[in-house]
file model24.tsv (TSV, N, CA, C and O atoms)
chain	number	residue	atom	x	y	z
A	417	MET	N	13.78	-107.17	67.93
A	417	MET	CA	13.04	-107.18	66.69
A	417	MET	C	12.26	-105.87	66.52
A	417	MET	O	12.16	-105.35	65.41
A	418	LYS	N	11.72	-105.34	67.62
A	418	LYS	CA	11.00	-104.07	67.55
A	418	LYS	C	11.92	-102.95	67.11
A	418	LYS	O	11.51	-102.06	66.36
A	419	LYS	N	13.14	-103.02	67.57
A	419	LYS	CA	14.13	-102.00	67.21
A	419	LYS	C	14.38	-102.02	65.70
A	419	LYS	O	14.46	-100.96	65.05
A	420	ILE	N	14.48	-103.18	65.16
A	420	ILE	CA	14.74	-103.33	63.72
A	420	ILE	C	13.56	-102.79	62.91
A	420	ILE	O	13.74	-102.07	61.94
A	421	ILE	N	12.36	-103.12	63.34
A	421	ILE	CA	11.16	-102.65	62.63
A	421	ILE	C	11.05	-101.13	62.72
A	421	ILE	O	10.70	-100.48	61.74
A	422	LYS	N	11.36	-100.56	63.88
A	422	LYS	CA	11.32	-99.10	64.02
A	422	LYS	C	12.33	-98.43	63.10
A	422	LYS	O	12.04	-97.41	62.48
A	423	GLU	N	13.52	-99.01	62.99
A	423	GLU	CA	14.54	-98.45	62.10
A	423	GLU	C	14.08	-98.51	60.65
A	423	GLU	O	14.27	-97.56	59.88
A	424	ILE	N	13.49	-99.62	60.28
A	424	ILE	CA	13.01	-99.78	58.90
A	424	ILE	C	11.89	-98.78	58.61
A	424	ILE	O	11.86	-98.16	57.54
A	425	LEU	N	10.96	-98.64	59.55
A	425	LEU	CA	9.86	-97.70	59.35
A	425	LEU	C	10.37	-96.26	59.25
A	425	LEU	O	9.85	-95.48	58.46
A	426	LYS	N	11.37	-95.92	60.04
A	426	LYS	CA	11.94	-94.57	59.95
A	426	LYS	C	12.59	-94.34	58.60
A	426	LYS	O	12.50	-93.25	58.04
A	427	LYS	N	13.24	-95.36	58.10
A	427	LYS	CA	13.95	-95.22	56.82
A	427	LYS	C	12.98	-95.07	55.65
A	427	LYS	O	13.24	-94.32	54.72
A	428	TYR	N	11.86	-95.78	55.71
A	428	TYR	CA	10.94	-95.81	54.58
A	428	TYR	C	9.63	-95.08	54.85
A	428	TYR	O	8.62	-95.35	54.21
A	429	ILE	N	9.63	-94.13	55.77
A	429	ILE	CA	8.40	-93.42	56.12
A	429	ILE	C	7.87	-92.62	54.95
A	429	ILE	O	6.65	-92.54	54.73
A	430	PHE	N	8.77	-92.05	54.15
A	430	PHE	CA	8.35	-91.26	53.00
A	430	PHE	C	7.60	-92.13	51.99
A	430	PHE	O	6.52	-91.75	51.50
A	431	LEU	N	8.13	-93.31	51.69
A	431	LEU	CA	7.45	-94.21	50.76
A	431	LEU	C	6.13	-94.72	51.32
A	431	LEU	O	5.16	-94.91	50.59
A	432	LEU	N	6.09	-94.93	52.62
A	432	LEU	CA	4.84	-95.37	53.25
A	432	LEU	C	3.76	-94.30	53.15
A	432	LEU	O	2.60	-94.61	52.86
A	433	VAL	N	4.14	-93.06	53.35
A	433	VAL	CA	3.17	-91.96	53.24
A	433	VAL	C	2.68	-91.84	51.81
A	433	VAL	O	1.47	-91.67	51.57
A	434	ILE	N	3.59	-91.96	50.85
A	434	ILE	CA	3.18	-91.91	49.45
A	434	ILE	C	2.24	-93.07	49.12
A	434	ILE	O	1.23	-92.89	48.43
A	435	GLU	N	2.55	-94.25	49.62
A	435	GLU	CA	1.71	-95.42	49.35
A	435	GLU	C	0.31	-95.24	49.95
A	435	GLU	O	-0.69	-95.53	49.30
A	436	ILE	N	0.23	-94.75	51.16
A	436	ILE	CA	-1.08	-94.54	51.79
A	436	ILE	C	-1.87	-93.48	51.03
A	436	ILE	O	-3.08	-93.61	50.82
A	437	THR	N	-1.19	-92.44	50.57
A	437	THR	CA	-1.85	-91.40	49.77
A	437	THR	C	-2.38	-91.98	48.46
A	437	THR	O	-3.51	-91.68	48.05
A	438	LEU	N	-1.58	-92.81	47.81
A	438	LEU	CA	-2.02	-93.43	46.55
A	438	LEU	C	-3.20	-94.37	46.78
A	438	LEU	O	-4.09	-94.47	45.93
A	439	ILE	N	-3.22	-95.04	47.91
A	439	ILE	CA	-4.36	-95.91	48.22
A	439	ILE	C	-5.62	-95.07	48.39
A	439	ILE	O	-6.69	-95.44	47.88
A	440	ALA	N	-5.51	-93.93	49.07
A	440	ALA	CA	-6.67	-93.06	49.25
A	440	ALA	C	-7.16	-92.51	47.91
A	440	ALA	O	-8.36	-92.48	47.63
A	441	ILE	N	-6.22	-92.10	47.05
A	441	ILE	CA	-6.59	-91.61	45.72
A	441	ILE	C	-7.24	-92.73	44.91
A	441	ILE	O	-8.23	-92.50	44.20
A	442	ASN	N	-6.72	-93.93	45.03
A	442	ASN	CA	-7.28	-95.08	44.32
A	442	ASN	C	-8.72	-95.34	44.74
A	442	ASN	O	-9.59	-95.58	43.90
A	443	VAL	N	-8.97	-95.29	46.03
A	443	VAL	CA	-10.32	-95.53	46.53
A	443	VAL	C	-11.29	-94.47	46.00
A	443	VAL	O	-12.41	-94.78	45.60
A	444	TYR	N	-10.83	-93.22	45.98
A	444	TYR	CA	-11.69	-92.16	45.44
A	444	TYR	C	-11.92	-92.35	43.94
A	444	TYR	O	-13.04	-92.21	43.46
A	445	LEU	N	-10.86	-92.66	43.21
A	445	LEU	CA	-10.99	-92.81	41.75
A	445	LEU	C	-11.85	-94.00	41.36
A	445	LEU	O	-12.37	-94.05	40.25
A	446	LEU	N	-12.00	-94.96	42.26
A	446	LEU	CA	-12.88	-96.10	41.96
A	446	LEU	C	-14.34	-95.68	41.88
A	446	LEU	O	-15.14	-96.34	41.22
A	447	THR	N	-14.70	-94.59	42.53
A	447	THR	CA	-16.09	-94.14	42.50
A	447	THR	C	-16.41	-93.28	41.28
A	447	THR	O	-17.57	-93.16	40.89
A	448	VAL	N	-15.38	-92.69	40.69
A	448	VAL	CA	-15.60	-91.74	39.59
A	448	VAL	C	-16.20	-92.39	38.33
A	448	VAL	O	-17.15	-91.85	37.77
A	449	PRO	N	-15.68	-93.53	37.84
A	449	PRO	CA	-16.26	-94.09	36.61
A	449	PRO	C	-17.74	-94.43	36.71
A	449	PRO	O	-18.49	-94.23	35.75
A	450	SER	N	-18.19	-94.89	37.86
A	450	SER	CA	-19.61	-95.22	37.99
A	450	SER	C	-20.47	-93.96	37.94
A	450	SER	O	-21.57	-93.98	37.37
A	451	GLU	N	-19.98	-92.87	38.52
A	451	GLU	CA	-20.72	-91.61	38.44
A	451	GLU	C	-20.81	-91.11	37.00
A	451	GLU	O	-21.87	-90.67	36.54
A	452	ILE	N	-19.69	-91.18	36.30
A	452	ILE	CA	-19.67	-90.72	34.90
A	452	ILE	C	-20.55	-91.61	34.04
A	452	ILE	O	-21.27	-91.12	33.17
A	453	LEU	N	-20.50	-92.90	34.28
A	453	LEU	CA	-21.33	-93.83	33.52
A	453	LEU	C	-22.81	-93.57	33.77
A	453	LEU	O	-23.63	-93.62	32.84
A	454	GLY	N	-23.18	-93.25	35.00
A	454	GLY	CA	-24.56	-92.90	35.29
A	454	GLY	C	-25.00	-91.64	34.55
A	454	GLY	O	-26.11	-91.55	34.05
A	455	LYS	N	-24.08	-90.69	34.46
A	455	LYS	CA	-24.37	-89.46	33.73
A	455	LYS	C	-24.57	-89.76	32.24
A	455	LYS	O	-25.48	-89.22	31.60
A	456	ILE	N	-23.73	-90.63	31.68
A	456	ILE	CA	-23.86	-91.00	30.27
A	456	ILE	C	-25.19	-91.71	30.02
A	456	ILE	O	-25.89	-91.43	29.04
A	457	ILE	N	-25.58	-92.58	30.92
A	457	ILE	CA	-26.85	-93.30	30.76
A	457	ILE	C	-28.02	-92.32	30.82
A	457	ILE	O	-28.99	-92.45	30.06
A	458	ASP	N	-27.94	-91.34	31.70
A	458	ASP	CA	-29.01	-90.33	31.76
A	458	ASP	C	-29.09	-89.51	30.47
A	458	ASP	O	-30.16	-89.11	30.05
A	459	LEU	N	-27.94	-89.27	29.85
A	459	LEU	CA	-27.93	-88.50	28.60
A	459	LEU	C	-28.43	-89.29	27.40
A	459	LEU	O	-28.79	-88.71	26.38
A	460	LEU	N	-28.47	-90.60	27.50
A	460	LEU	CA	-28.88	-91.44	26.37
A	460	LEU	C	-30.38	-91.33	26.05
A	460	LEU	O	-30.79	-91.71	24.96
A	461	TYR	N	-31.17	-90.82	26.99
A	461	TYR	CA	-32.61	-90.72	26.74
A	461	TYR	C	-32.92	-89.73	25.62
A	461	TYR	O	-33.92	-89.86	24.93
A	462	ASN	N	-32.07	-88.73	25.45
A	462	ASN	CA	-32.26	-87.75	24.38
A	462	ASN	C	-30.97	-87.72	23.56
A	462	ASN	O	-30.20	-86.76	23.59
A	463	LEU	N	-30.77	-88.76	22.78
A	463	LEU	CA	-29.50	-88.99	22.09
A	463	LEU	C	-29.16	-87.92	21.07
A	463	LEU	O	-28.02	-87.49	20.97
A	464	ASP	N	-30.13	-87.47	20.32
A	464	ASP	CA	-29.83	-86.50	19.26
A	464	ASP	C	-29.34	-85.16	19.80
A	464	ASP	O	-28.42	-84.56	19.24
A	465	GLU	N	-29.93	-84.68	20.88
A	465	GLU	CA	-29.54	-83.39	21.43
A	465	GLU	C	-28.26	-83.45	22.26
A	465	GLU	O	-27.53	-82.47	22.38
A	466	ASN	N	-27.97	-84.60	22.82
A	466	ASN	CA	-26.85	-84.73	23.77
A	466	ASN	C	-25.65	-85.47	23.17
A	466	ASN	O	-24.80	-85.93	23.92
A	467	LYS	N	-25.56	-85.59	21.87
A	467	LYS	CA	-24.50	-86.38	21.25
A	467	LYS	C	-23.10	-85.85	21.61
A	467	LYS	O	-22.22	-86.61	21.98
A	468	ALA	N	-22.90	-84.54	21.50
A	468	ALA	CA	-21.58	-83.96	21.80
A	468	ALA	C	-21.23	-84.12	23.28
A	468	ALA	O	-20.08	-84.42	23.62
A	469	GLU	N	-22.22	-83.94	24.13
A	469	GLU	CA	-21.95	-84.08	25.57
A	469	GLU	C	-21.66	-85.53	25.94
A	469	GLU	O	-20.82	-85.80	26.81
A	470	ILE	N	-22.31	-86.46	25.26
A	470	ILE	CA	-22.04	-87.88	25.51
A	470	ILE	C	-20.60	-88.21	25.10
A	470	ILE	O	-19.89	-88.92	25.83
A	471	ILE	N	-20.16	-87.69	23.98
A	471	ILE	CA	-18.79	-87.95	23.52
A	471	ILE	C	-17.78	-87.35	24.50
A	471	ILE	O	-16.79	-88.00	24.87
A	472	ASN	N	-18.02	-86.11	24.94
A	472	ASN	CA	-17.12	-85.47	25.90
A	472	ASN	C	-17.09	-86.23	27.23
A	472	ASN	O	-16.04	-86.39	27.84
A	473	THR	N	-18.23	-86.68	27.67
A	473	THR	CA	-18.30	-87.44	28.92
A	473	THR	C	-17.62	-88.79	28.77
A	473	THR	O	-17.01	-89.29	29.72
A	474	THR	N	-17.70	-89.38	27.58
A	474	THR	CA	-17.00	-90.64	27.33
A	474	THR	C	-15.49	-90.44	27.40
A	474	THR	O	-14.76	-91.28	27.95
A	475	TYR	N	-15.00	-89.31	26.87
A	475	TYR	CA	-13.57	-89.00	27.00
A	475	TYR	C	-13.19	-88.79	28.46
A	475	TYR	O	-12.10	-89.20	28.89
A	476	LEU	N	-14.07	-88.19	29.22
A	476	LEU	CA	-13.83	-88.01	30.64
A	476	LEU	C	-13.76	-89.37	31.36
A	476	LEU	O	-12.91	-89.58	32.23
A	477	LEU	N	-14.63	-90.27	30.96
A	477	LEU	CA	-14.61	-91.63	31.52
A	477	LEU	C	-13.30	-92.33	31.19
A	477	LEU	O	-12.68	-92.96	32.06
A	478	LEU	N	-12.87	-92.21	29.96
A	478	LEU	CA	-11.60	-92.81	29.55
A	478	LEU	C	-10.43	-92.21	30.31
A	478	LEU	O	-9.54	-92.94	30.78
A	479	GLY	N	-10.45	-90.90	30.48
A	479	GLY	CA	-9.38	-90.24	31.22
A	479	GLY	C	-9.34	-90.66	32.68
A	479	GLY	O	-8.25	-90.87	33.24
A	480	SER	N	-10.49	-90.80	33.29
A	480	SER	CA	-10.51	-91.22	34.70
A	480	SER	C	-10.02	-92.66	34.85
A	480	SER	O	-9.34	-92.98	35.83
A	481	CYS	N	-10.34	-93.50	33.87
A	481	CYS	CA	-9.85	-94.88	33.92
A	481	CYS	C	-8.33	-94.95	33.74
A	481	CYS	O	-7.65	-95.75	34.38
A	482	VAL	N	-7.80	-94.09	32.88
A	482	VAL	CA	-6.34	-94.04	32.70
A	482	VAL	C	-5.67	-93.53	33.98
A	482	VAL	O	-4.64	-94.06	34.39
A	483	MET	N	-6.27	-92.52	34.60
A	483	MET	CA	-5.73	-92.03	35.87
A	483	MET	C	-5.74	-93.13	36.94
A	483	MET	O	-4.79	-93.28	37.69
A	484	LEU	N	-6.82	-93.88	36.98
A	484	LEU	CA	-6.93	-94.99	37.93
A	484	LEU	C	-5.83	-96.01	37.66
A	484	LEU	O	-5.21	-96.52	38.60
A	485	LEU	N	-5.59	-96.30	36.40
A	485	LEU	CA	-4.53	-97.25	36.04
A	485	LEU	C	-3.17	-96.75	36.48
A	485	LEU	O	-2.38	-97.50	37.06
A	486	ILE	N	-2.87	-95.49	36.24
A	486	ILE	CA	-1.57	-94.92	36.61
A	486	ILE	C	-1.38	-94.95	38.13
A	486	ILE	O	-0.32	-95.35	38.62
A	487	VAL	N	-2.42	-94.56	38.86
A	487	VAL	CA	-2.32	-94.56	40.32
A	487	VAL	C	-2.13	-95.98	40.85
A	487	VAL	O	-1.29	-96.23	41.71
A	488	ARG	N	-2.87	-96.92	40.30
A	488	ARG	CA	-2.79	-98.29	40.78
A	488	ARG	C	-1.44	-98.93	40.48
A	488	ARG	O	-0.86	-99.63	41.31
A	489	VAL	N	-0.91	-98.69	39.28
A	489	VAL	CA	0.40	-99.26	38.92
A	489	VAL	C	1.50	-98.65	39.79
A	489	VAL	O	2.39	-99.37	40.27
A	490	THR	N	1.43	-97.34	40.00
A	490	THR	CA	2.42	-96.69	40.86
A	490	THR	C	2.35	-97.22	42.27
A	490	THR	O	3.38	-97.50	42.90
A	491	TRP	N	1.14	-97.39	42.77
A	491	TRP	CA	0.95	-97.92	44.12
A	491	TRP	C	1.54	-99.32	44.23
A	491	TRP	O	2.25	-99.64	45.19
A	492	LYS	N	1.27	-100.17	43.24
A	492	LYS	CA	1.78	-101.54	43.29
A	492	LYS	C	3.30	-101.59	43.18
A	492	LYS	O	3.95	-102.43	43.80
A	493	MET	N	3.88	-100.69	42.38
A	493	MET	CA	5.34	-100.66	42.27
A	493	MET	C	5.99	-100.24	43.59
A	493	MET	O	6.98	-100.84	44.02
A	494	ILE	N	5.43	-99.23	44.24
A	494	ILE	CA	5.96	-98.79	45.53
A	494	ILE	C	5.78	-99.89	46.57
A	494	ILE	O	6.67	-100.15	47.38
A	495	ASN	N	4.63	-100.56	46.53
A	495	ASN	CA	4.37	-101.65	47.47
A	495	ASN	C	5.37	-102.79	47.28
A	495	ASN	O	5.90	-103.32	48.26
A	496	ALA	N	5.65	-103.15	46.04
A	496	ALA	CA	6.61	-104.22	45.78
A	496	ALA	C	8.01	-103.83	46.26
A	496	ALA	O	8.73	-104.66	46.84
A	497	LYS	N	8.39	-102.58	46.01
A	497	LYS	CA	9.70	-102.12	46.45
A	497	LYS	C	9.82	-102.16	47.97
A	497	LYS	O	10.82	-102.62	48.52
A	498	LEU	N	8.78	-101.68	48.64
A	498	LEU	CA	8.80	-101.70	50.11
A	498	LEU	C	8.88	-103.13	50.65
A	498	LEU	O	9.63	-103.40	51.59
A	499	GLU	N	8.11	-104.02	50.06
A	499	GLU	CA	8.15	-105.42	50.51
A	499	GLU	C	9.53	-106.02	50.35
A	499	GLU	O	10.03	-106.70	51.25
A	500	ARG	N	10.16	-105.78	49.20
A	500	ARG	CA	11.50	-106.32	48.96
A	500	ARG	C	12.50	-105.75	49.95
A	500	ARG	O	13.29	-106.50	50.55
A	501	GLU	N	12.49	-104.44	50.11
A	501	GLU	CA	13.47	-103.79	50.98
A	501	GLU	C	13.28	-104.19	52.44
A	501	GLU	O	14.26	-104.48	53.14
A	502	VAL	N	12.05	-104.21	52.91
A	502	VAL	CA	11.80	-104.53	54.31
A	502	VAL	C	12.16	-105.99	54.60
A	502	VAL	O	12.81	-106.30	55.60
A	503	SER	N	11.75	-106.89	53.72
A	503	SER	CA	12.08	-108.31	53.97
A	503	SER	C	13.59	-108.53	53.89
A	503	SER	O	14.14	-109.32	54.66
A	504	LYS	N	14.27	-107.81	53.01
A	504	LYS	CA	15.74	-107.94	52.93
A	504	LYS	C	16.39	-107.45	54.22
A	504	LYS	O	17.29	-108.11	54.75
A	505	LYS	N	15.94	-106.30	54.74
A	505	LYS	CA	16.51	-105.77	55.97
A	505	LYS	C	16.27	-106.72	57.14
A	505	LYS	O	17.17	-106.95	57.96
A	506	ILE	N	15.08	-107.27	57.22
A	506	ILE	CA	14.78	-108.19	58.32
A	506	ILE	C	15.62	-109.46	58.21
A	506	ILE	O	16.18	-109.93	59.20
A	507	ARG	N	15.73	-110.00	57.00
A	507	ARG	CA	16.56	-111.21	56.82
A	507	ARG	C	18.01	-110.93	57.15
A	507	ARG	O	18.69	-111.75	57.79
A	508	ASP	N	18.53	-109.78	56.72
A	508	ASP	CA	19.92	-109.43	57.01
A	508	ASP	C	20.17	-109.30	58.50
A	508	ASP	O	21.18	-109.78	59.02
A	509	SER	N	19.25	-108.65	59.19
A	509	SER	CA	19.44	-108.48	60.64
A	509	SER	C	19.34	-109.83	61.37
A	509	SER	O	20.11	-110.07	62.30
A	510	LEU	N	18.43	-110.67	60.94
A	510	LEU	CA	18.34	-111.99	61.56
A	510	LEU	C	19.59	-112.82	61.28
A	510	LEU	O	20.09	-113.55	62.14
A	511	PHE	N	20.12	-112.71	60.08
A	511	PHE	CA	21.34	-113.44	59.73
A	511	PHE	C	22.52	-112.95	60.56
A	511	PHE	O	23.34	-113.75	61.02
A	512	LYS	N	22.60	-111.64	60.78
A	512	LYS	CA	23.69	-111.10	61.60
A	512	LYS	C	23.58	-111.60	63.03
A	512	LYS	O	24.58	-111.92	63.67
A	513	LYS	N	22.34	-111.68	63.54
A	513	LYS	CA	22.16	-112.20	64.90
A	513	LYS	C	22.58	-113.66	64.99
A	513	LYS	O	23.16	-114.08	65.98
A	514	MET	N	22.25	-114.43	63.95
A	514	MET	CA	22.64	-115.85	63.97
A	514	MET	C	24.14	-116.01	63.91
A	514	MET	O	24.69	-116.93	64.51
A	515	LEU	N	24.84	-115.14	63.20
A	515	LEU	CA	26.29	-115.23	63.12
A	515	LEU	C	26.96	-114.86	64.43
A	515	LEU	O	28.03	-115.37	64.75
A	516	LYS	N	26.33	-113.96	65.20
A	516	LYS	CA	26.90	-113.56	66.49
A	516	LYS	C	26.84	-114.68	67.51
A	516	LYS	O	27.71	-114.80	68.36
A	517	THR	N	25.81	-115.51	67.46
A	517	THR	CA	25.66	-116.56	68.48
A	517	THR	C	26.37	-117.80	68.12
A	517	THR	O	27.19	-118.02	67.39
call {"tool": "encode", "arguments": {"input": "model24.tsv", "output": "structure tokens"}}
result
Amino acid sequence: MKKIIKEILKKYIFLLVIEITLIAINVYLLTVPSEILGKIIDLLYNLDENKAEIINTTYLLLGSCVMLLIVRVTWKMINAKLEREVSKKIRDSLFKKMLKT
């Protein structure tokens, strides 16, 4: 069984690295909207002078949320593909072993 898992990991190492990278980016991007929102709240004390900056910062908040969505969806798609492929390989190898005996 260890041999089968090692073969699977070797085959899908590239996708695993991409998935781990996307998870790290996701964790970082989760902190960005709260920082931007804090900046917007600080700018609200002087609304008349900071109106343009508030609008620009709101667009930045929207952009960071869209980036978070793209990263998360990509991560989940890669995760689902890996789960399907790995479980299929394990089931196939177990079925082959059962046919041999």
call {"tool": "atom_distance", "arguments": {"input": "model24.tsv", "atom1": "atom CA of A:Leu438", "atom2": "atom CA of A:Trp491"}}
result
5.9 Å
call {"tool": "closest_residue", "arguments": {"input": "model24.tsv", "among": "A:Thr447, A:Ser509, A:Ser503, A:Asn462", "to": "A:Ser480", "atoms": "only C-alpha atoms"}}
result
A:Thr447
call {"tool": "atom_distance", "arguments": {"input": "model24.tsv", "atom1": "atom O of A:Ile452", "atom2": "atom CA of A:Leu477"}}
result
6.9 Å
call {"tool": "atom_distance", "arguments": {"input": "model24.tsv", "atom1": "atom N of A:Ile506", "atom2": "atom C of A:Ile420"}}
result
7.4 Å
call {"tool": "closest_residue", "arguments": {"input": "model24.tsv", "among": "A:Ile471, A:Leu446, A:Leu510, A:Leu432", "to": "A:Met483", "atoms": "only C-alpha atoms"}}
result
A:Leu446
call {"tool": "decode", "arguments": {"input": "model24.tsv", "residues": "stretch 483-513 of chain A", "atoms": "C-alpha atoms", "output": "PDB file, in the first residue's frame"}}
result
ATOM      1  CA  MET A 483      -8.987  37.628  -5.924  1.00  0.00           C
ATOM      2  CA  LEU A 484      -9.866  35.629  -2.820  1.00  0.00           C
ATOM      3  CA  LEU A 485     -12.794  34.080  -4.671  1.00  0.00           C
ATOM      4  CA  ILE A 486     -10.643  33.112  -7.669  1.00  0.00           C
ATOM      5  CA  VAL A 487      -7.938  31.583  -5.477  1.00  0.00           C
ATOM      6  CA  ARG A 488     -10.449  29.662  -3.384  1.00  0.00           C
ATOM      7  CA  VAL A 489     -12.380  28.284  -6.368  1.00  0.00           C
ATOM      8  CA  THR A 490      -9.159  27.219  -8.083  1.00  0.00           C
ATOM      9  CA  TRP A 491      -7.945  25.575  -4.893  1.00  0.00           C
ATOM     10  CA  LYS A 492     -11.214  23.672  -4.472  1.00  0.00           C
ATOM     11  CA  MET A 493     -11.199  22.520  -8.104  1.00  0.00           C
ATOM     12  CA  ILE A 494      -7.644  21.183  -7.803  1.00  0.00           C
ATOM     13  CA  ASN A 495      -8.535  19.554  -4.487  1.00  0.00           C
ATOM     14  CA  ALA A 496     -11.566  17.815  -5.997  1.00  0.00           C
ATOM     15  CA  LYS A 497      -9.523  16.593  -8.959  1.00  0.00           C
ATOM     16  CA  LEU A 498      -6.810  15.223  -6.697  1.00  0.00           C
ATOM     17  CA  GLU A 499      -9.345  13.457  -4.496  1.00  0.00           C
ATOM     18  CA  ARG A 500     -11.017  11.824  -7.491  1.00  0.00           C
ATOM     19  CA  GLU A 501      -7.774  10.729  -9.106  1.00  0.00           C
ATOM     20  CA  VAL A 502      -6.156   9.420  -5.925  1.00  0.00           C
ATOM     21  CA  SER A 503      -9.224   7.491  -4.787  1.00  0.00           C
ATOM     22  CA  LYS A 504      -9.601   6.023  -8.292  1.00  0.00           C
ATOM     23  CA  LYS A 505      -5.966   4.879  -8.341  1.00  0.00           C
ATOM     24  CA  ILE A 506      -6.252   3.317  -4.894  1.00  0.00           C
ATOM     25  CA  ARG A 507      -9.503   1.529  -5.776  1.00  0.00           C
ATOM     26  CA  ASP A 508      -8.017   0.254  -9.048  1.00  0.00           C
ATOM     27  CA  SER A 509      -4.922  -1.088  -7.338  1.00  0.00           C
ATOM     28  CA  LEU A 510      -6.963  -2.777  -4.627  1.00  0.00           C
ATOM     29  CA  PHE A 511      -9.239  -4.310  -7.250  1.00  0.00           C
ATOM     30  CA  LYS A 512      -6.230  -5.651  -9.162  1.00  0.00           C
ATOM     31  CA  LYS A 513      -4.896  -7.212  -5.968  1.00  0.00           C
TER      32      LYS A 513
END
